[in-house]
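What follows is start05.txt (compact mmCIF, C-alpha atoms).
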# COMPACT_ATOMS: atom_id res chain seq x y z
CA MET A 1 119.98 117.73 92.22
CA ALA A 2 116.75 117.40 94.17
CA GLY A 3 115.50 113.89 94.71
CA GLU A 4 118.83 112.23 94.01
CA ARG A 5 119.27 110.71 97.44
CA VAL A 6 115.80 109.24 97.56
CA MET A 7 116.25 107.85 94.04
CA GLU A 8 119.35 106.06 95.27
CA LEU A 9 117.20 104.28 97.86
CA VAL A 10 114.64 103.28 95.29
CA ARG A 11 117.27 102.15 92.80
CA GLU A 12 119.00 99.94 95.35
CA LEU A 13 115.71 98.24 96.13
CA HIS A 14 114.91 97.85 92.46
CA ARG A 15 118.26 96.14 91.87
CA ALA A 16 117.78 93.71 94.75
CA ALA A 17 116.21 90.79 92.93
CA ASP A 18 114.00 87.93 94.11
CA GLY A 19 112.57 89.60 97.17
CA HIS A 20 115.99 89.97 98.75
CA LEU A 21 115.98 92.54 101.55
CA PRO A 22 118.97 94.89 101.54
CA PRO A 23 119.92 96.65 104.82
CA PHE A 24 117.69 99.48 105.88
CA ARG A 25 119.26 102.78 104.82
CA THR A 26 118.55 104.93 107.85
CA GLU A 27 121.00 107.56 106.72
CA GLY A 28 119.52 107.71 103.22
CA LEU A 29 116.02 108.13 104.61
CA ARG A 30 117.17 110.81 107.00
CA GLN A 31 118.81 112.73 104.16
CA ALA A 32 115.70 112.50 102.02
CA LEU A 33 113.52 113.84 104.84
CA GLU A 34 116.07 116.55 105.54
CA GLU A 35 115.96 117.57 101.89
CA MET A 36 112.19 117.80 102.10
CA ARG A 37 112.42 120.00 105.15
CA ALA A 38 114.89 122.32 103.44
CA LEU A 39 112.80 122.58 100.28
CA TYR A 40 109.72 123.35 102.32
CA GLU A 41 111.43 126.09 104.30
CA ARG A 42 112.70 127.75 101.16
CA ASN A 43 109.22 127.55 99.73
CA GLN A 44 107.71 129.10 102.82
CA ALA A 45 110.09 132.04 102.52
CA ASP A 46 109.43 132.45 98.82
CA VAL A 47 105.67 132.22 99.20
CA SER A 48 105.60 135.25 101.45
CA GLU A 49 107.81 137.11 98.96
CA ALA A 50 105.59 136.08 96.09
CA LYS A 51 102.57 137.36 97.96
CA ALA A 52 104.42 140.62 98.46
CA GLY A 53 104.76 141.02 94.74
CA ARG A 54 107.50 138.83 93.36
CA THR A 55 105.37 136.71 91.06
CA ASP A 56 108.44 135.45 89.19
CA LEU A 57 109.05 133.16 92.14
CA ILE A 58 105.86 131.21 91.54
CA PHE A 59 107.46 128.81 89.07
CA LEU A 60 110.26 128.09 91.50
CA ILE A 61 107.75 127.46 94.25
CA ARG A 62 105.85 125.08 92.04
CA PHE A 63 109.03 123.29 91.05
CA ARG A 64 110.03 122.81 94.68
CA HIS A 65 106.55 121.53 95.45
CA CYS A 66 106.94 118.93 92.69
CA CYS A 67 110.27 117.89 94.20
CA LEU A 68 108.59 117.56 97.56
CA LEU A 69 105.84 115.38 96.11
CA ARG A 70 108.39 113.23 94.32
CA ASN A 71 110.40 112.79 97.48
CA GLN A 72 107.29 111.83 99.40
CA ARG A 73 106.29 109.33 96.75
CA CYS A 74 109.74 107.73 96.59
CA VAL A 75 110.14 107.53 100.35
CA LEU A 76 106.76 105.85 100.72
CA ALA A 77 107.48 103.51 97.80
CA TYR A 78 110.78 102.51 99.37
CA LEU A 79 109.22 101.81 102.76
CA TYR A 80 106.16 100.06 101.36
CA ASP A 81 108.15 97.82 99.04
CA ARG A 82 110.34 96.76 101.95
CA LEU A 83 107.20 95.90 103.93
CA LEU A 84 106.03 93.70 101.07
CA ARG A 85 109.35 91.89 101.03
CA ILE A 86 109.24 91.41 104.79
CA ARG A 87 105.72 90.06 104.53
CA ALA A 88 106.95 87.51 101.98
CA LEU A 89 109.62 86.45 104.46
CA ARG A 90 106.98 85.36 106.95
CA TRP A 91 105.57 82.99 104.36
CA GLU A 92 108.96 81.68 103.37
CA TYR A 93 110.82 81.38 106.65
CA GLY A 94 108.06 81.09 109.23
CA SER A 95 107.66 83.08 112.42
CA VAL A 96 111.30 83.29 113.28
CA LEU A 97 113.48 85.05 110.77
CA PRO A 98 117.12 84.15 110.37
CA ASN A 99 119.49 86.54 112.11
CA ALA A 100 121.13 87.60 108.89
CA ILE A 101 117.82 88.98 107.66
CA GLN A 102 116.86 90.56 110.96
CA PHE A 103 120.02 92.66 110.85
CA HIS A 104 118.77 94.22 107.66
CA MET A 105 115.52 95.35 109.24
CA SER A 106 114.94 98.54 111.18
CA ALA A 107 113.34 98.38 114.64
CA GLU A 108 110.04 99.66 113.29
CA GLU A 109 110.08 97.04 110.54
CA VAL A 110 110.60 94.33 113.15
CA GLU A 111 107.62 95.74 115.04
CA TRP A 112 105.52 95.70 111.86
CA PHE A 113 106.57 92.13 111.23
CA ASN A 114 105.63 91.07 114.75
CA ARG A 115 102.23 92.65 114.46
CA TYR A 116 101.69 91.09 111.04
CA LYS A 117 102.56 87.64 112.25
CA LYS A 118 100.28 88.00 115.25
CA SER A 119 97.42 89.12 113.02
CA LEU A 120 98.06 86.22 110.66
CA ALA A 121 98.19 83.74 113.52
CA THR A 122 94.87 85.00 114.87
CA TYR A 123 93.31 84.57 111.45
CA MET A 124 94.71 81.08 110.91
CA ARG A 125 93.49 79.98 114.32
CA SER A 126 90.00 81.17 113.53
CA VAL A 127 89.76 79.02 110.42
CA GLY A 128 89.65 75.27 110.49
CA GLY A 129 88.16 74.01 113.70
CA GLU A 130 89.94 73.73 116.99
CA GLU A 131 93.57 74.01 116.16
CA GLY A 132 93.17 76.27 113.20
CA LEU A 133 94.62 75.70 109.78
CA ASP A 134 98.25 76.59 109.19
CA LEU A 135 98.11 78.22 105.81
CA THR A 136 101.86 78.45 105.49
CA GLN A 137 102.00 74.68 105.09
CA ASP A 138 100.77 72.88 102.01
CA ILE A 139 102.21 75.42 99.63
CA LYS A 140 102.63 72.80 96.92
CA PRO A 141 100.08 70.18 95.91
CA PRO A 142 100.79 66.87 97.60
CA LYS A 143 102.53 64.55 95.20
CA SER A 144 103.31 61.55 97.25
CA LEU A 145 102.36 60.14 100.57
CA TYR A 146 105.65 58.75 101.76
CA ILE A 147 109.04 60.29 101.96
CA GLU A 148 112.15 58.26 102.17
CA VAL A 149 114.81 59.79 104.31
CA ARG A 150 118.45 58.87 104.22
CA CYS A 151 120.46 60.28 107.06
CA LEU A 152 124.00 61.30 106.16
CA ARG A 153 125.17 62.18 109.60
CA ASP A 154 123.97 61.47 113.11
CA HIS A 155 121.18 63.76 114.16
CA GLY A 156 119.70 61.88 117.07
CA GLU A 157 116.00 61.96 117.71
CA PHE A 158 113.61 63.89 115.59
CA GLU A 159 109.93 64.33 116.17
CA ILE A 160 107.46 64.72 113.36
CA ASP A 161 104.13 66.38 113.75
CA ASP A 162 101.98 63.31 114.29
CA GLY A 163 103.95 62.64 117.46
CA THR A 164 106.19 59.79 116.42
CA THR A 165 109.87 60.17 117.14
CA ILE A 166 112.38 58.98 114.63
CA LEU A 167 115.92 58.04 115.47
CA LEU A 168 118.34 59.24 112.86
CA LYS A 169 121.62 57.47 112.65
CA LYS A 170 124.27 57.78 110.05
CA ASN A 171 123.54 55.84 106.88
CA SER A 172 120.14 54.68 108.05
CA GLN A 173 117.41 54.88 105.51
CA SER A 174 113.71 54.63 106.18
CA THR A 175 110.35 55.52 104.83
CA TYR A 176 108.01 57.74 106.74
CA PHE A 177 104.46 58.77 106.41
CA GLY A 178 105.30 62.10 104.92
CA ASN A 179 102.74 64.75 104.50
CA SER A 180 103.85 68.17 103.51
CA SER A 181 104.45 69.28 107.08
CA THR A 182 106.89 66.44 107.66
CA HIS A 183 108.63 67.43 104.48
CA HIS A 184 108.68 70.98 105.75
CA GLU A 185 110.14 69.87 109.08
CA CYS A 186 112.87 67.92 107.34
CA VAL A 187 113.79 70.84 105.16
CA LYS A 188 113.80 73.14 108.18
CA ALA A 189 116.03 70.76 110.11
CA THR A 190 118.38 70.73 107.16
CA LYS A 191 118.54 74.50 107.06
CA GLU A 192 118.85 75.00 110.79
CA SER A 193 121.42 72.49 111.89
CA ASN A 194 124.47 72.64 109.78
CA ARG A 195 125.57 69.33 111.17
CA THR A 196 122.90 67.32 109.50
CA GLN A 197 121.93 66.93 105.96
CA PHE A 198 118.96 65.11 104.67
CA THR A 199 118.71 63.89 101.22
CA TYR A 200 115.36 62.55 100.53
CA CYS A 201 113.97 60.80 97.60
CA VAL A 202 110.28 60.91 97.20
CA SER A 203 109.16 57.36 96.80
CA TRP A 204 106.27 56.02 94.83
CA SER A 205 102.84 56.69 96.12
CA PRO A 206 100.62 53.73 96.91
CA LEU A 207 97.88 55.55 95.03
CA ARG A 208 99.56 54.90 91.73
CA CYS A 209 99.70 51.24 92.70
CA SER A 210 95.96 51.00 93.31
CA VAL A 211 94.90 52.52 90.00
CA GLU A 212 96.88 49.90 88.12
CA MET B 1 88.43 56.31 90.08
CA ALA B 2 89.53 54.78 93.35
CA ALA B 3 89.95 58.09 95.15
CA GLN B 4 86.50 59.38 94.25
CA GLY B 5 84.83 56.15 95.35
CA GLY B 6 86.76 56.21 98.56
CA GLN B 7 85.68 59.77 99.15
CA ASP B 8 82.02 58.92 98.83
CA ARG B 9 82.34 55.93 101.12
CA ALA B 10 83.99 58.04 103.77
CA GLY B 11 81.10 60.48 103.50
CA GLU B 12 78.46 57.82 103.93
CA GLU B 13 80.01 56.56 107.11
CA ASP B 14 79.10 59.77 108.89
CA SER B 15 75.53 60.82 108.52
CA ASP B 16 75.35 64.52 108.03
CA GLY B 17 78.41 65.10 105.83
CA GLY B 18 78.79 68.62 107.14
CA SER B 19 75.50 69.89 105.76
CA SER B 20 74.11 71.06 109.08
CA THR B 21 75.14 74.67 108.61
CA GLU B 22 73.19 75.31 105.43
CA GLU B 23 69.85 74.48 103.87
CA LEU B 24 71.24 72.66 100.86
CA LEU B 25 72.22 69.07 101.43
CA LEU B 26 75.49 68.46 99.67
CA THR B 27 77.17 65.14 99.36
CA PRO B 28 80.85 65.28 100.20
CA ALA B 29 81.67 64.96 96.52
CA GLN B 30 79.52 67.96 95.69
CA LEU B 31 81.06 69.91 98.55
CA ILE B 32 84.57 69.26 97.28
CA ARG B 33 83.49 70.23 93.79
CA SER B 34 82.12 73.54 95.12
CA LEU B 35 85.38 74.08 96.95
CA GLU B 36 87.35 73.48 93.77
CA GLN B 37 85.09 75.80 91.80
CA ALA B 38 85.43 78.54 94.39
CA TRP B 39 89.20 77.97 94.45
CA LEU B 40 89.62 78.26 90.69
CA ASN B 41 87.39 81.31 90.50
CA GLU B 42 89.36 83.01 93.24
CA LYS B 43 92.68 82.12 91.61
CA PHE B 44 91.81 83.58 88.25
CA ALA B 45 89.66 86.55 89.19
CA PRO B 46 91.58 89.81 89.50
CA GLU B 47 89.46 91.03 92.41
CA LEU B 48 88.44 89.50 95.72
CA LEU B 49 85.27 87.47 95.29
CA GLU B 50 82.43 87.00 97.71
CA SER B 51 83.39 85.06 100.81
CA ARG B 52 82.03 81.50 101.03
CA PRO B 53 82.10 80.74 104.74
CA GLU B 54 79.64 77.88 104.38
CA ILE B 55 81.98 75.99 102.06
CA VAL B 56 85.00 76.59 104.26
CA GLU B 57 83.20 75.47 107.41
CA CYS B 58 81.79 72.36 105.78
CA VAL B 59 85.12 71.35 104.31
CA VAL B 60 86.84 71.76 107.66
CA GLU B 61 84.15 69.64 109.27
CA GLN B 62 84.55 67.06 106.54
CA LEU B 63 88.30 66.90 107.08
CA ASP B 64 87.77 66.43 110.81
CA HIS B 65 85.30 63.61 110.13
CA MET B 66 87.73 61.90 107.80
CA GLU B 67 90.51 62.21 110.34
CA ALA B 68 88.32 60.69 113.04
CA ASN B 69 87.27 57.83 110.74
CA LEU B 70 90.84 57.10 109.79
CA LYS B 71 91.90 56.90 113.41
CA GLN B 72 89.30 54.22 113.98
CA ALA B 73 89.92 52.30 110.78
CA LYS B 74 91.92 49.17 111.19
CA GLY B 75 91.73 48.33 107.53
CA GLY B 76 94.61 47.56 105.23
CA ASP B 77 97.27 50.11 104.72
CA LEU B 78 96.05 50.85 101.21
CA LYS B 79 92.59 52.13 102.12
CA VAL B 80 94.03 54.30 104.84
CA SER B 81 96.66 55.65 102.47
CA VAL B 82 94.11 56.48 99.81
CA HIS B 83 91.94 58.39 102.24
CA ARG B 84 94.92 60.16 103.70
CA MET B 85 96.03 61.23 100.26
CA GLU B 86 92.56 62.56 99.59
CA MET B 87 92.66 64.49 102.84
CA GLU B 88 96.01 66.01 101.93
CA ARG B 89 94.64 67.08 98.58
CA ILE B 90 91.55 68.65 100.07
CA ARG B 91 93.61 70.42 102.69
CA PHE B 92 95.87 71.77 99.97
CA VAL B 93 92.95 73.14 97.96
CA LEU B 94 91.43 74.75 101.03
CA SER B 95 94.74 76.30 102.10
CA SER B 96 95.41 77.53 98.60
CA TYR B 97 91.95 79.08 98.42
CA LEU B 98 92.33 80.92 101.71
CA ARG B 99 95.89 81.96 100.89
CA CYS B 100 94.73 83.39 97.57
CA ARG B 101 92.10 85.45 99.37
CA LEU B 102 94.55 86.70 101.99
CA GLY B 103 96.97 87.65 99.24
CA LYS B 104 94.34 89.76 97.52
CA ILE B 105 93.24 91.32 100.79
CA GLU B 106 96.81 92.39 101.51
CA LYS B 107 97.34 93.63 97.99
CA PHE B 108 94.19 95.73 97.69
CA PHE B 109 93.42 96.46 101.32
CA PRO B 110 92.34 100.14 101.04
CA HIS B 111 89.90 99.38 98.21
CA ILE B 112 88.50 96.29 99.86
CA LEU B 113 87.94 98.07 103.16
CA GLU B 114 86.35 100.99 101.35
CA LYS B 115 84.02 98.64 99.50
CA GLU B 116 83.07 96.97 102.77
CA LYS B 117 82.41 100.32 104.40
CA SER B 118 80.06 101.39 101.62
CA ARG B 119 78.28 98.06 101.42
CA ALA B 120 74.49 98.21 101.64
CA GLU B 121 72.65 96.42 104.44
CA GLY B 122 71.40 93.29 102.68
CA GLU B 123 74.35 92.81 100.34
CA PRO B 124 76.60 89.82 100.96
CA SER B 125 80.08 90.64 102.18
CA ILE B 126 83.23 89.86 100.27
CA LEU B 127 85.02 89.39 103.57
CA SER B 128 84.36 86.88 106.30
CA PRO B 129 84.37 88.44 109.79
CA GLU B 130 87.84 87.03 110.45
CA GLU B 131 89.13 88.34 107.13
CA PHE B 132 87.63 91.71 107.92
CA ALA B 133 89.45 91.82 111.24
CA PHE B 134 92.67 90.79 109.51
CA ALA B 135 92.26 93.47 106.84
CA LYS B 136 91.63 96.18 109.41
CA GLU B 137 94.67 95.14 111.43
CA TYR B 138 96.81 95.07 108.31
CA MET B 139 95.69 98.56 107.36
CA ALA B 140 96.23 99.95 110.85
CA ASN B 141 99.65 98.30 111.08
CA THR B 142 100.83 99.68 107.74
CA GLU B 143 99.39 103.16 108.28
CA THR B 144 100.97 103.48 111.72
CA TYR B 145 104.31 102.30 110.38
CA LEU B 146 104.37 104.76 107.47
CA LYS B 147 103.23 107.60 109.69
CA ASN B 148 105.85 107.00 112.36
CA VAL B 149 108.79 106.31 110.09
CA ALA B 150 108.22 108.89 107.39
CA LEU B 151 105.06 110.94 107.29
CA LYS B 152 105.32 112.64 110.63
CA HIS B 153 108.82 113.84 109.74
CA MET B 154 107.61 115.44 106.57
CA PRO B 155 106.47 119.04 106.07
CA PRO B 156 102.98 119.75 107.45
CA ASN B 157 101.19 119.85 104.12
CA LEU B 158 102.52 116.40 103.14
CA GLN B 159 101.82 114.43 106.26
CA LYS B 160 98.64 112.86 105.02
CA VAL B 161 98.63 110.36 102.20
CA SER B 162 95.57 108.71 100.75
CA LEU B 163 96.24 104.97 100.61
CA LEU B 164 93.15 104.65 98.50
CA LYS B 165 94.85 106.68 95.78
CA SER B 166 98.36 105.30 96.19
CA VAL B 167 97.73 101.57 96.38
CA PRO B 168 96.88 100.17 92.93
CA LYS B 169 93.37 98.89 92.27
CA PRO B 170 92.67 95.43 90.89
CA ASN B 171 92.63 95.46 87.12
CA LEU B 172 89.10 94.47 86.22
CA ASP B 173 89.88 94.73 82.52
CA SER B 174 92.29 91.84 82.59
CA PHE B 175 91.31 88.91 80.41
CA VAL B 176 90.14 85.64 81.89
CA PHE B 177 89.38 82.21 80.48
CA LEU B 178 86.01 80.81 81.38
CA ARG B 179 83.68 77.90 80.78
CA VAL B 180 79.96 78.56 80.62
CA LEU B 181 77.86 76.57 83.06
CA GLU B 182 74.46 78.14 82.44
CA ARG B 183 73.43 79.52 79.10
CA GLN B 184 73.44 83.31 79.02
CA GLU B 185 71.84 85.58 76.47
CA ASN B 186 72.60 89.08 75.40
CA ILE B 187 75.64 89.82 77.43
CA LEU B 188 76.71 93.36 76.74
CA VAL B 189 80.38 93.73 75.86
CA GLU B 190 81.68 97.24 76.35
CA PRO B 191 84.05 98.65 73.73
CA GLU B 192 87.71 98.76 74.62
CA LYS B 193 88.58 101.67 72.42
CA ASP B 194 86.45 104.56 71.29
CA GLU B 195 86.33 103.40 67.68
CA GLN B 196 84.69 100.11 68.60
CA ARG B 197 81.07 99.85 69.45
CA GLU B 198 79.45 97.77 72.12
CA TYR B 199 77.86 94.53 71.06
CA THR B 200 76.02 91.67 72.66
CA ILE B 201 76.97 88.02 72.70
CA ASP B 202 75.24 84.85 73.76
CA LEU B 203 77.09 82.35 75.88
CA GLU B 204 76.27 78.75 75.11
CA GLU B 205 76.44 76.18 77.86
CA GLY B 206 79.73 74.29 77.82
CA SER B 207 81.50 76.80 75.59
CA GLN B 208 84.81 78.36 76.57
CA HIS B 209 85.79 81.97 76.13
CA LEU B 210 88.58 84.46 76.68
CA ILE B 211 86.97 87.67 77.75
CA ARG B 212 87.50 90.75 79.87
CA TYR B 213 86.73 90.08 83.51
CA ARG B 214 84.65 93.24 83.88
CA THR B 215 82.09 91.93 81.39
CA VAL B 216 81.50 88.66 83.22
CA ALA B 217 82.04 89.68 86.84
CA PRO B 218 78.36 89.30 87.83
CA LEU B 219 78.22 85.92 86.08
CA VAL B 220 81.17 84.66 88.09
CA ALA B 221 79.47 85.81 91.28
CA SER B 222 76.23 84.04 90.39
CA GLY B 223 77.96 80.84 89.37
CA ALA B 224 76.81 80.97 85.76
CA VAL B 225 80.38 80.75 84.50
CA GLN B 226 83.49 79.06 85.84
CA LEU B 227 86.91 80.65 85.46
CA ILE B 228 89.57 78.26 84.23

Could you render the structure from this file as C-alpha cells?
Amino acid sequence: MAGERVMELVRELHRAADGHLPPFRTEGLRQALEEMRALYERNQADVSEAKAGRTDLIFLIRFRHCCLLRNQRCVLAYLYDRLLRIRALRWEYGSVLPNAIQFHMSAEEVEWFNRYKKSLATYMRSVGGEEGLDLTQDIKPPKSLYIEVRCLRDHGEFEIDDGTTILLKKNSQSTYFGNSSTHHECVKATKESNRTQFTYCVSWSPLRCSVE
Amino acid sequence: MAAQGGQDRAGEEDSDGGSSTEELLLTPAQLIRSLEQAWLNEKFAPELLESRPEIVECVVEQLDHMEANLKQAKGGDLKVSVHRMEMERIRFVLSSYLRCRLGKIEKFFPHILEKEKSRAEGEPSILSPEEFAFAKEYMANTETYLKNVALKHMPPNLQKVSLLKSVPKPNLDSFVFLRVLERQENILVEPEKDEQREYTIDLEEGSQHLIRYRTVAPLVASGAVQLI
C-alpha cells in the first residue's frame, strides 16, 4: 500500500513521548524516497499514454500524484519534527550532547545542530554587554539565594562560576552563594560524573528574614 | 517592600540609570516595570511583538551597574544579598523575555521573515538586528538541511516546498486575558461565526477582559492594554 513505509516513520516519532529522539531511520527514509521515484516513473509513462488517448488512466495518475504529495508531506514532517526535538536538546543538555543521543542522530542532523548552536551563541553574545547573556541559564525563577550542598562521596575540587573553588570531601556540608548557574553546575556535575552525587537542600533565603 | 526600596537606592547611586540611550528618563523602577510589562505581553501574545531594544539595552546596563556597585559595597551581608537577589530576578525576567521571543522566531520563522521583508520604510521592526540575523540563519540552516536530505532526492516536480505554506501561522484568534491601562472607546469586535454580527465595546480603565487577540492586537502594541 502506498505511503505505508513513510507512515511507519511518522508513527514511530509520534509514539516517542516527551521529546525523546529515536534513532534516525535511514533505511525507512530511503525506502520512502524510492517509492516516490517509482510512483513518479509510472506516472511519467502513463501520462504519455493518456496523452495518446487513454483517458481512463487519468484517475490513476491523479491517485499516484496524491500518494507522491502524501509521501513528501510525511517525509518532511518526520525530518522537521526531529529537528525540533534536536533543537530542544540544545536547551536541555547544553552545547555538548550525550553520546547516547548523538548515536541517534544522522550526520546531517549533527551538522544542523552545530550550525544552530553557533547561531544561538552568536545571538546570545550580542545581547547583554560584553560577555553576552546566556539564555540557557535562569530557566526557572530564582527562589533562593543560597544552596546547601552535602557531598556524599569525594569529588575533589570544584569551581563555580564566580571563580571560587570548593573542596568537596565526603560528608562535608556547606552553604554556597548559589545562583541558578551554580545550581546548574552542580546538577551537571551530578549527571556527568557517576562517582559523585550531590544532594542539595535549598536553604532559607535571607530575603524572607528581612521582610519579617 | 525591602527589595523595591533597595532597588531605588541602587539606582540613585549611579547617576544616569541607563537612560542615556533614549529620550525618556526612566527611573530604574520604571525601567523594570516596562521590562515586566513587555515580558508578560510577549508571553501571552500568540505572535511576535515589536522588538524593544531600548528596554533590553537599559536593563543590561542597569544589571552591570548593580554588579559594579555590589563589588564595591562593603556593607553587611544582608544588603548585598538583597541586591543580589534582585539582580537574579531581573536577569531571569530578561532571559525569559528574550527566550520567549527566540521561541516564537523559531516557531514562525517563514512568516516573520516574510513580514520583515514586506515591511514599509518607516514602520518599526518586530525583530532586532541580531534577531533578524538569527532568524535568517535558522531559515537557511533548515532549508539547506531539508533540501539535502530529502527534497533533492525527490521527483523533479516535488523538489520545491513552500515553507510559508507548510509551517503553521500564529493563531491570532486565540483568546487572551488583558487589563486595560488606557480607556478605549468603540473597539470593533468582529463576529466569530456568520450568524453573529459585529459590535463595538468600550474598555474602561482598570477593567479586565478575556477577548480574542486579533481584536486588541493594535492596543497591545500601543501599550493601551496589558496582557495578563

Could you please tell me, as an mmCIF file with C-alpha atoms, in the coordinates of the input, which residues of chain A have an atom within 9 Å of chain B when using all atoms listed in the file?
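That gives us result_29.cif:
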data_model
loop_
_atom_site.group_PDB
_atom_site.id
_atom_site.type_symbol
_atom_site.label_atom_id
_atom_site.label_comp_id
_atom_site.auth_asym_id
_atom_site.auth_seq_id
_atom_site.Cartn_x
_atom_site.Cartn_y
_atom_site.Cartn_z
ATOM 1 C CA LEU A 29 116.020 108.130 104.610
ATOM 2 C CA LEU A 33 113.520 113.840 104.840
ATOM 3 C CA GLU A 34 116.070 116.550 105.540
ATOM 4 C CA MET A 36 112.190 117.800 102.100
ATOM 5 C CA ARG A 37 112.420 120.000 105.150
ATOM 6 C CA TYR A 40 109.720 123.350 102.320
ATOM 7 C CA GLU A 41 111.430 126.090 104.300
ATOM 8 C CA LEU A 68 108.590 117.560 97.560
ATOM 9 C CA LEU A 69 105.840 115.380 96.110
ATOM 10 C CA GLN A 72 107.290 111.830 99.400
ATOM 11 C CA ARG A 73 106.290 109.330 96.750
ATOM 12 C CA VAL A 75 110.140 107.530 100.350
ATOM 13 C CA LEU A 76 106.760 105.850 100.720
ATOM 14 C CA LEU A 79 109.220 101.810 102.760
ATOM 15 C CA TYR A 80 106.160 100.060 101.360
ATOM 16 C CA LEU A 83 107.200 95.900 103.930
ATOM 17 C CA GLU A 108 110.040 99.660 113.290
ATOM 18 C CA GLU A 109 110.080 97.040 110.540
ATOM 19 C CA GLU A 111 107.620 95.740 115.040
ATOM 20 C CA TRP A 112 105.520 95.700 111.860
ATOM 21 C CA ARG A 115 102.230 92.650 114.460
ATOM 22 C CA TYR A 116 101.690 91.090 111.040
ATOM 23 C CA SER A 119 97.420 89.120 113.020
ATOM 24 C CA LEU A 120 98.060 86.220 110.660
ATOM 25 C CA THR A 122 94.870 85.000 114.870
ATOM 26 C CA TYR A 123 93.310 84.570 111.450
ATOM 27 C CA SER A 126 90.000 81.170 113.530
ATOM 28 C CA VAL A 127 89.760 79.020 110.420
ATOM 29 C CA GLY A 128 89.650 75.270 110.490
ATOM 30 C CA GLY A 129 88.160 74.010 113.700
ATOM 31 C CA LEU A 133 94.620 75.700 109.780
ATOM 32 C CA ASP A 134 98.250 76.590 109.190
ATOM 33 C CA LEU A 135 98.110 78.220 105.810
ATOM 34 C CA THR A 136 101.860 78.450 105.490
ATOM 35 C CA GLN A 137 102.000 74.680 105.090
ATOM 36 C CA ASP A 138 100.770 72.880 102.010
ATOM 37 C CA ILE A 139 102.210 75.420 99.630
ATOM 38 C CA LYS A 140 102.630 72.800 96.920
ATOM 39 C CA PRO A 141 100.080 70.180 95.910
ATOM 40 C CA PRO A 142 100.790 66.870 97.600
ATOM 41 C CA LYS A 143 102.530 64.550 95.200
ATOM 42 C CA SER A 144 103.310 61.550 97.250
ATOM 43 C CA LEU A 145 102.360 60.140 100.570
ATOM 44 C CA ASN A 179 102.740 64.750 104.500
ATOM 45 C CA SER A 180 103.850 68.170 103.510
ATOM 46 C CA SER A 205 102.840 56.690 96.120
ATOM 47 C CA PRO A 206 100.620 53.730 96.910
ATOM 48 C CA LEU A 207 97.880 55.550 95.030
ATOM 49 C CA SER A 210 95.960 51.000 93.310
ATOM 50 C CA VAL A 211 94.900 52.520 90.000
#

* **Surrounding residues of Glu114 in chain B excluding itself and chain neighbours under 2 positions, 12 Å, only C-alpha atoms, as a VMD selection string** => chain B and resid 105 108 to 112 116 to 119 126 to 127 132 135 to 136 139 163 to 165 169

Residues from the last selection, C-alpha atoms, saved as a PDB file, in the frame of the given file:
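Wrote selection.pdb, looks like this:
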ATOM      1  CA  ILE B 105      93.240  91.320 100.790  1.00  0.00           C
ATOM      2  CA  PHE B 108      94.190  95.730  97.690  1.00  0.00           C
ATOM      3  CA  PHE B 109      93.420  96.460 101.320  1.00  0.00           C
ATOM      4  CA  PRO B 110      92.340 100.140 101.040  1.00  0.00           C
ATOM      5  CA  HIS B 111      89.900  99.380  98.210  1.00  0.00           C
ATOM      6  CA  ILE B 112      88.500  96.290  99.860  1.00  0.00           C
ATOM      7  CA  GLU B 116      83.070  96.970 102.770  1.00  0.00           C
ATOM      8  CA  LYS B 117      82.410 100.320 104.400  1.00  0.00           C
ATOM      9  CA  SER B 118      80.060 101.390 101.620  1.00  0.00           C
ATOM     10  CA  ARG B 119      78.280  98.060 101.420  1.00  0.00           C
ATOM     11  CA  ILE B 126      83.230  89.860 100.270  1.00  0.00           C
ATOM     12  CA  LEU B 127      85.020  89.390 103.570  1.00  0.00           C
ATOM     13  CA  PHE B 132      87.630  91.710 107.920  1.00  0.00           C
ATOM     14  CA  ALA B 135      92.260  93.470 106.840  1.00  0.00           C
ATOM     15  CA  LYS B 136      91.630  96.180 109.410  1.00  0.00           C
ATOM     16  CA  MET B 139      95.690  98.560 107.360  1.00  0.00           C
ATOM     17  CA  LEU B 163      96.240 104.970 100.610  1.00  0.00           C
ATOM     18  CA  LEU B 164      93.150 104.650  98.500  1.00  0.00           C
ATOM     19  CA  LYS B 165      94.850 106.680  95.780  1.00  0.00           C
ATOM     20  CA  LYS B 169      93.370  98.890  92.270  1.00  0.00           C
TER      21      LYS B 169
END

* State, in Å with one decimal place, the distance from CA of Cys67 in chain A to CA of Arg82 in chain A. => 22.5 Å

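Separating CA of Val220 in chain B from CA of Gln62 in chain B is a distance of 25.7 Å.
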
* Asked: What gap, in Å, lies between CA of Leu21 in chain A and CA of Arg85 in chain A?
  ->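 If I compute the distance from CA of Leu21 in chain A to CA of Arg85 in chain A, I get 6.7 Å.
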
* Within 12 Å of (82.1, 72.3, 74.8) (coordinates as in the file), grab all the protein and nucleic acid residues, counting all atoms listed in the file, and write them out as a PyMOL selection string. => chain B and resi 178-181+203-209

Output C-alpha atoms of each residue in that selection to a file, as a PDB file, keeping the file's coordinate frame.
ATOM      1  CA  LEU B 178      86.010  80.810  81.380  1.00  0.00           C
ATOM      2  CA  ARG B 179      83.680  77.900  80.780  1.00  0.00           C
ATOM      3  CA  VAL B 180      79.960  78.560  80.620  1.00  0.00           C
ATOM      4  CA  LEU B 181      77.860  76.570  83.060  1.00  0.00           C
ATOM      5  CA  LEU B 203      77.090  82.350  75.880  1.00  0.00           C
ATOM      6  CA  GLU B 204      76.270  78.750  75.110  1.00  0.00           C
ATOM      7  CA  GLU B 205      76.440  76.180  77.860  1.00  0.00           C
ATOM      8  CA  GLY B 206      79.730  74.290  77.820  1.00  0.00           C
ATOM      9  CA  SER B 207      81.500  76.800  75.590  1.00  0.00           C
ATOM     10  CA  GLN B 208      84.810  78.360  76.570  1.00  0.00           C
ATOM     11  CA  HIS B 209      85.790  81.970  76.130  1.00  0.00           C
TER      12      HIS B 209
END
